[in-house]
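*Asks:* My file is start36.txt. It has compact mmCIF, C-alpha atoms:
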# COMPACT_ATOMS: atom_id res chain seq x y z
CA MET A 440 1.36 30.36 5.83
CA SER A 441 3.38 27.44 4.55
CA ASN A 442 4.26 24.44 6.70
CA ILE A 443 7.23 23.61 4.45
CA SER A 444 10.40 24.98 6.02
CA GLU A 445 13.73 25.57 4.26
CA ALA A 446 15.18 22.66 6.25
CA MET A 447 12.42 20.37 4.94
CA LYS A 448 13.07 21.48 1.33
CA ALA A 449 16.79 20.85 1.78
CA ALA A 450 16.13 17.31 3.02
CA VAL A 451 14.48 16.15 -0.22
CA GLY A 452 16.52 13.35 -1.80
CA THR A 453 18.18 12.24 1.42
CA VAL A 454 18.56 8.47 1.76
CA THR A 455 17.44 7.86 5.31
CA ALA A 456 17.57 4.18 6.10
CA ARG A 457 18.17 0.67 4.91
CA THR A 458 16.11 -2.14 6.40
CA THR A 459 16.50 -5.88 5.86
CA SER A 460 13.69 -8.37 6.36
CA TYR A 461 13.82 -11.77 7.98
CA PRO A 462 13.51 -14.53 5.36
CA ILE A 463 9.92 -14.69 4.12
CA SER A 464 8.07 -17.89 5.06
CA GLU A 465 5.17 -19.58 3.31
CA SER A 466 3.24 -19.08 6.55
CA ASP A 467 3.75 -15.31 6.32
CA ILE A 468 2.37 -15.36 2.77
CA ARG A 469 -0.63 -17.53 3.73
CA LYS A 470 -1.59 -15.28 6.65
CA TRP A 471 -1.34 -12.16 4.48
CA ALA A 472 -3.51 -13.71 1.76
CA LEU A 473 -6.08 -14.89 4.32
CA ALA A 474 -6.31 -11.36 5.76
CA VAL A 475 -6.68 -9.46 2.48
CA TYR A 476 -9.26 -11.86 1.01
CA TRP A 477 -11.20 -12.37 4.29
CA PRO A 478 -13.96 -13.52 4.77
CA ASP A 479 -13.64 -15.49 1.52
CA LYS A 480 -10.75 -17.87 1.06
CA PRO A 481 -7.77 -16.62 -0.94
CA PRO A 482 -6.85 -18.31 -4.21
CA ALA A 483 -5.38 -21.78 -3.65
CA TYR A 484 -2.09 -20.74 -5.27
CA PHE A 485 -1.34 -18.62 -2.18
CA ILE A 486 -2.06 -21.53 0.18
CA ASP A 487 -1.34 -24.87 -1.45
CA PRO A 488 2.16 -25.59 -2.81
CA ALA A 489 0.74 -28.15 -5.26
CA GLU A 490 -1.61 -25.55 -6.76
CA ALA A 491 1.15 -22.95 -6.81
CA ALA A 492 3.45 -25.36 -8.63
CA LYS A 493 1.06 -25.28 -11.60
CA THR A 494 1.61 -21.53 -12.12
CA VAL A 495 4.41 -19.78 -14.03
CA HIS A 496 6.03 -19.13 -10.67
CA GLY A 497 6.50 -22.83 -9.97
CA GLY A 498 5.61 -22.37 -6.29
CA ILE A 499 4.03 -20.02 -3.79
CA VAL A 500 4.77 -16.33 -4.36
CA ALA A 501 3.52 -13.49 -2.18
CA PRO A 502 0.73 -11.12 -3.18
CA GLU A 503 2.33 -8.04 -4.72
CA ASP A 504 1.08 -5.97 -1.77
CA PHE A 505 2.74 -8.24 0.85
CA ASN A 506 4.88 -6.50 3.48
CA PRO A 507 7.86 -8.58 4.72
CA PHE A 508 8.82 -5.85 7.22
CA ALA A 509 5.69 -6.01 9.38
CA TRP A 510 6.29 -6.62 13.10
CA ALA A 511 10.06 -7.06 12.97
CA SER A 512 13.07 -6.71 10.74
CA ALA A 513 16.41 -8.51 10.80
CA GLY A 514 18.38 -5.31 10.48
CA HIS A 515 17.87 -1.59 10.32
CA GLU A 516 20.60 0.88 9.44
CA SER A 517 19.77 4.52 9.96
CA LEU A 518 21.78 6.67 7.58
CA ILE A 519 20.92 9.82 9.53
CA THR A 520 23.23 10.63 12.42
CA ASN A 521 21.44 13.43 14.25
CA SER A 522 17.82 12.31 14.40
CA LEU A 523 15.44 13.64 17.05
CA ARG A 524 13.28 11.38 19.20
CA ALA A 525 9.82 10.68 17.80
CA GLY A 526 7.03 8.29 18.73
CA THR A 527 5.78 5.68 16.27
CA ASN A 528 2.62 7.63 15.47
CA ASP A 529 4.19 11.09 15.66
CA PRO A 530 3.11 13.06 12.54
CA ASP A 531 6.54 14.74 12.58
CA SER A 532 8.46 11.45 12.67
CA THR A 533 9.76 11.92 9.09
CA GLU A 534 11.39 15.26 9.85
CA LYS A 535 12.56 14.25 13.32
CA SER A 536 14.31 11.25 11.82
CA LEU A 537 16.21 13.75 9.66
CA GLY A 538 17.21 15.83 12.67
CA ILE A 539 14.97 18.76 11.73
CA GLU A 540 11.79 20.11 13.26
CA GLY A 541 8.53 19.05 11.62
CA PRO A 542 5.53 21.30 11.01
CA GLY A 543 3.79 20.16 14.21
CA LEU A 544 0.50 19.21 12.56
CA THR A 545 -1.91 17.01 14.49
CA PHE A 546 -3.30 14.43 12.08
CA MET A 547 -1.90 12.28 9.31
CA LEU A 548 -3.46 10.16 6.59
CA ASN A 549 -2.22 7.85 3.85
CA GLY A 550 -2.72 10.05 0.76
CA GLY A 551 -1.87 7.52 -1.90
CA MET A 552 0.78 5.38 -3.48
CA VAL A 553 2.51 4.82 -6.77
CA CYS A 554 4.19 1.46 -7.15
CA GLU A 555 6.22 -0.21 -9.89
CA TYR A 556 6.68 -3.95 -9.53
CA GLY A 557 9.66 -6.12 -10.45
CA VAL A 558 10.17 -9.75 -9.46
CA ARG A 559 7.74 -11.49 -7.08
CA MET A 560 8.60 -12.25 -3.45
CA ARG A 561 8.66 -15.89 -2.42
CA ALA A 562 9.51 -18.02 0.61
CA GLY A 563 13.17 -17.76 1.55
CA ASP A 564 13.63 -14.30 0.09
CA VAL A 565 15.35 -11.63 2.15
CA ILE A 566 14.19 -8.18 1.13
CA THR A 567 16.13 -4.95 1.60
CA SER A 568 14.32 -1.63 1.61
CA GLU A 569 16.12 1.65 1.00
CA ALA A 570 14.14 4.70 2.05
CA SER A 571 14.56 8.26 0.82
CA VAL A 572 12.80 11.59 1.23
CA GLY A 573 10.56 12.72 -1.64
CA GLU A 574 9.05 16.09 -2.52
CA TYR A 575 6.80 18.23 -0.29
CA SER A 576 3.76 20.20 -1.47
CA GLU A 577 0.60 21.65 0.06
CA ARG A 578 -2.87 22.83 -0.85
CA GLU A 579 -6.16 23.79 0.77
CA GLY A 580 -8.45 20.84 1.50
CA ARG A 581 -11.76 20.29 3.24
CA LEU A 582 -9.96 20.11 6.60
CA GLY A 583 -7.74 23.18 6.03
CA LEU A 584 -4.21 23.55 4.65
CA MET A 585 -3.00 20.03 3.86
CA LEU A 586 0.69 19.12 3.73
CA PHE A 587 1.67 16.37 1.26
CA SER A 588 5.02 14.69 1.87
CA ARG A 589 6.36 11.86 -0.23
CA SER A 590 8.59 8.99 0.76
CA ILE A 591 10.27 6.65 -1.66
CA SER A 592 11.19 3.08 -0.86
CA THR A 593 12.98 0.70 -3.17
CA TRP A 594 12.92 -3.00 -2.35
CA THR A 595 15.43 -5.50 -3.69
CA ASN A 596 15.82 -9.20 -2.98
CA GLN A 597 18.96 -11.11 -1.98
CA LYS A 598 19.94 -11.39 -5.66
CA GLY A 599 19.79 -7.62 -6.09
CA GLU A 600 16.65 -7.84 -8.22
CA MET A 601 14.14 -4.99 -7.89
CA VAL A 602 10.97 -6.17 -6.17
CA LYS A 603 9.16 -2.86 -6.11
CA ARG A 604 9.61 0.88 -5.93
CA THR A 605 6.95 2.74 -4.03
CA THR A 606 6.32 6.45 -3.65
CA GLY A 607 3.95 7.03 -0.78
CA THR A 608 2.17 10.29 0.00
CA LEU A 609 1.47 11.24 3.60
CA ILE A 610 -1.16 13.93 4.17
CA ARG A 611 -0.89 15.98 7.35
CA TYR A 612 -3.24 18.64 8.67
CA MET B 527 -8.25 -13.65 -23.24
CA THR B 528 -9.59 -10.97 -25.59
CA VAL B 529 -9.53 -7.52 -24.04
CA ASN B 530 -10.87 -4.29 -25.50
CA VAL B 531 -10.84 -0.65 -24.44
CA GLY B 532 -13.96 0.03 -22.42
CA ASP B 533 -14.23 -3.48 -21.00
CA ALA B 534 -15.18 -3.61 -17.31
CA ILE B 535 -13.41 -6.42 -15.48
CA PRO B 536 -15.08 -8.46 -12.70
CA THR B 537 -15.37 -6.51 -9.46
CA PHE B 538 -14.12 -7.50 -5.97
CA THR B 539 -16.48 -6.66 -3.09
CA ARG B 540 -16.20 -6.80 0.69
CA ALA B 541 -18.38 -5.60 3.57
CA THR B 542 -15.94 -3.67 5.73
CA GLY B 543 -15.46 -2.92 9.42
CA PHE B 544 -13.32 -3.92 12.35
CA ALA B 545 -13.42 -7.60 11.36
CA ASN B 546 -11.48 -6.82 8.15
CA TRP B 547 -9.35 -4.02 9.53
CA ASN B 548 -8.21 -5.93 12.61
CA ARG B 549 -7.11 -8.87 10.49
CA TYR B 550 -5.17 -6.53 8.24
CA ALA B 551 -3.65 -4.77 11.25
CA ALA B 552 -2.59 -8.18 12.55
CA VAL B 553 -0.58 -9.10 9.45
CA ASN B 554 0.72 -5.60 8.69
CA ASP B 555 1.32 -4.50 12.31
CA GLU B 556 -0.86 -1.47 11.56
CA PHE B 557 -2.42 -0.78 14.94
CA VAL B 558 -2.96 2.93 14.37
CA PRO B 559 -5.62 4.48 16.66
CA ILE B 560 -7.65 5.99 13.77
CA HIS B 561 -8.19 2.44 12.47
CA MET B 562 -8.87 0.85 15.86
CA ASP B 563 -10.84 3.34 17.88
CA ASP B 564 -13.95 5.39 17.01
CA GLU B 565 -12.93 8.30 19.23
CA ALA B 566 -9.55 8.57 17.52
CA GLY B 567 -11.18 8.36 14.09
CA ALA B 568 -13.73 11.03 15.02
CA ALA B 569 -11.00 13.30 16.37
CA ALA B 570 -9.32 13.03 12.97
CA GLY B 571 -12.48 14.38 11.33
CA ASN B 572 -13.98 11.20 9.93
CA GLY B 573 -16.86 10.45 12.26
CA GLY B 574 -15.33 7.29 13.66
CA ALA B 575 -12.70 4.68 12.97
CA PHE B 576 -11.91 4.10 9.32
CA GLY B 577 -10.10 1.44 7.32
CA MET B 578 -6.53 1.36 6.11
CA GLY B 579 -5.67 2.78 2.71
CA ASN B 580 -3.37 -0.21 2.35
CA LEU B 581 -6.37 -2.55 2.49
CA GLN B 582 -8.09 -0.65 -0.35
CA TRP B 583 -4.80 -1.09 -2.21
CA ALA B 584 -4.92 -4.83 -1.50
CA TYR B 585 -8.54 -5.13 -2.73
CA LEU B 586 -7.57 -3.51 -6.05
CA HIS B 587 -4.73 -6.01 -6.41
CA ASN B 588 -7.09 -8.89 -5.56
CA MET B 589 -9.47 -7.74 -8.30
CA LEU B 590 -6.70 -7.64 -10.93
CA ARG B 591 -5.32 -11.01 -9.82
CA ASP B 592 -8.72 -12.69 -9.84
CA TRP B 593 -9.29 -11.39 -13.37
CA MET B 594 -5.87 -12.29 -14.82
CA GLY B 595 -5.20 -15.50 -12.94
CA PRO B 596 -1.88 -16.36 -11.31
CA ASN B 597 0.12 -16.09 -14.54
CA GLY B 598 -0.74 -12.45 -15.19
CA GLU B 599 1.56 -9.72 -13.93
CA ILE B 600 0.76 -6.43 -12.22
CA LEU B 601 3.35 -4.01 -13.58
CA SER B 602 2.34 -0.85 -11.72
CA MET B 603 -0.46 0.79 -9.79
CA GLU B 604 -1.13 4.36 -8.72
CA VAL B 605 -3.92 5.16 -6.26
CA GLN B 606 -5.06 8.20 -4.32
CA PHE B 607 -6.95 7.76 -1.05
CA ARG B 608 -9.69 10.36 -1.47
CA SER B 609 -12.41 9.37 0.95
CA PRO B 610 -12.31 7.28 4.13
CA ASN B 611 -13.65 3.73 4.26
CA VAL B 612 -15.85 3.98 7.35
CA LYS B 613 -17.46 1.13 9.28
CA GLY B 614 -20.33 -0.70 7.63
CA GLN B 615 -19.55 0.31 4.08
CA THR B 616 -19.60 -2.26 1.33
CA VAL B 617 -16.47 -1.58 -0.69
CA THR B 618 -16.15 -2.66 -4.30
CA ALA B 619 -13.02 -2.59 -6.44
CA HIS B 620 -13.61 -1.78 -10.11
CA GLY B 621 -11.49 -1.72 -13.25
CA VAL B 622 -12.15 -0.50 -16.80
CA VAL B 623 -9.69 -1.02 -19.65
CA THR B 624 -8.36 2.25 -21.08
CA ALA B 625 -5.57 1.00 -23.37
CA VAL B 626 -4.33 -2.26 -24.87
CA GLU B 627 -0.83 -2.58 -26.34
CA GLY B 628 -0.07 -6.20 -27.16
CA ASP B 629 -0.29 -8.09 -23.88
CA VAL B 630 0.02 -4.92 -21.75
CA VAL B 631 -3.29 -3.49 -20.56
CA THR B 632 -3.87 -0.17 -18.79
CA LEU B 633 -6.93 0.20 -16.60
CA GLU B 634 -8.69 2.91 -14.68
CA VAL B 635 -9.20 1.35 -11.25
CA TRP B 636 -11.06 2.51 -8.17
CA THR B 637 -12.81 1.44 -5.04
CA ASP B 638 -16.19 2.83 -4.13
CA GLN B 639 -18.75 2.39 -1.38
CA GLN B 640 -22.30 1.12 -1.77
CA GLU B 641 -23.69 4.51 -2.82
CA GLY B 642 -21.08 4.95 -5.54
CA THR B 643 -18.76 7.41 -3.80
CA LYS B 644 -15.22 6.75 -4.97
CA LEU B 645 -12.81 6.04 -2.14
CA ALA B 646 -9.55 5.27 -3.92
CA PRO B 647 -9.28 6.09 -7.65
CA GLY B 648 -6.19 5.33 -9.70
CA THR B 649 -4.66 3.51 -12.62
CA ALA B 650 -2.96 0.16 -13.12
CA LYS B 651 -0.89 -1.49 -15.80
CA VAL B 652 -0.78 -5.26 -16.17
CA ARG B 653 0.69 -7.86 -18.50
CA LEU B 654 -1.69 -10.65 -19.37
CA ALA B 655 -0.59 -14.26 -19.39
CA GLN B 656 0.33 -15.70 -22.77
Spit out the file's structure as structure tokens when you get a sec.
*Replies:*
Amino acid sequence: MSNISEAMKAAVGTVTARTTSYPISESDIRKWALAVYWPDKPPAYFIDPAEAAKTVHGGIVAPEDFNPFAWASAGHESLITNSLRAGTNDPDSTEKSLGIEGPGLTFMLNGGMVCEYGVRMRAGDVITSEASVGEYSEREGRLGLMLFSRSISTWTNQKGEMVKRTTGTLIRY
Amino acid sequence: MTVNVGDAIPTFTRATGFANWNRYAAVNDEFVPIHMDDEAGAAAGNGGAFGMGNLQWAYLHNMLRDWMGPNGEILSMEVQFRSPNVKGQTVTAHGVVTAVEGDVVTLEVWTDQQEGTKLAPGTAKVRLAQ
């Protein structure tokens, strides 16, 4: 029996939200680099402005995988008017945000990502993320019938330049 | 830099566990029970707590960056999270060149654990520095 309802199919393509980051700081970039390279030190060009100045970027830029929306955002505009209440770790949060019932599955996992990169993020940048609903699919896995739902987010900087476009796959079972 | 199809690039290796995952959770605000708590990880069918897919993603980027240097460019990456990174594993990011077109290089990339089981296989496209 499928977990993909007609309401879920109809929601594909919906633009759900627009989120704006606080300006990125060099400290944010340093902490990120320290965490993802730990326990070794990250490359000096993520830490030391003088080293970063020697690169084609002319200064410190963030690792491509940096997330400027962690912990807090400067603004969040929900483009869905009739969302249902959902907890942060609710597997049905995607559907509830759209105002429809989710499949009610218990567990969720990060199934994978596809990402195209544009310009690098650097200190002072304000990033805007636009989120939309991608395709649903399902197949049998080692833990039973697995639901795959995709979300698309497109990030641009304050100049309107594309920073990255990510399609993420959430697996629920 | 001369690059040919079939070349293996230098790997990036980390011993993994709460010390890595908690630091990543701290910068990414990713305090999800399956990554923080063995009981929650076991309830999800993985024997205990397991690491973030996003950190595997980061290790693959680190590998490409360390190989290319700061003037190279990661154009795209696609990765599937196939197997959980459980506590105590030594995770290694690998890359093998599959195509070269001018300064644009396509690689098969993956992370694996110490016994060779692939955790996160995928592909990446980069532009090498001039």
*Asks:* May I ask which of the residues B:Leu645, B:Ile535, B:Ala566, B:Leu654 is the closest one to Thr616 in chain B, counting all atoms listed in the file?
*Replies:* B:Leu645
*Asks:* Could you work out which residues of chain A fall inside 8 Å of chain B? Count all atoms listed in the file, and format the result as a ChimeraX atom specification.
*Replies:* /A:470-471,474-478,484,494-496,503-504,506,509-510,528,546,549-557,582
*Asks:* I want to know what sits within 12 Å of Ile539 in chain A, based on only C-alpha atoms, with residues of the same chain fewer than 2 positions away left out; could you give that as a list of chain:residue names?
*Replies:*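 Within the cut-off, the hits are A:Ile443, A:Ser444, A:Glu445, A:Ala446, A:Met447, A:Lys448, A:Ala449, A:Ala450, A:Ile519, A:Thr520, A:Asn521, A:Ser522, A:Leu523, A:Arg524, A:Ala525, A:Asp531, A:Ser532, A:Thr533, A:Glu534, A:Lys535, A:Ser536, A:Leu537, A:Gly541, A:Pro542, A:Gly543.
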*Asks:* Of the residues A:Glu516, A:Ala472, A:Ser460, A:Thr605, which is the one nearest to Asp564 in chain A, using only C-alpha atoms?
*Replies:*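 The shortest atom-to-atom distance to Asp564 in chain A comes from A:Ser460.
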*Asks:* For the atom pair CA of Ala562 in chain A and CA of Trp594 in chain A, what is the interatomic distance in Å to one decimal place?
*Replies:*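 According to the coordinates, CA of Ala562 in chain A and CA of Trp594 in chain A are separated by 15.7 Å.
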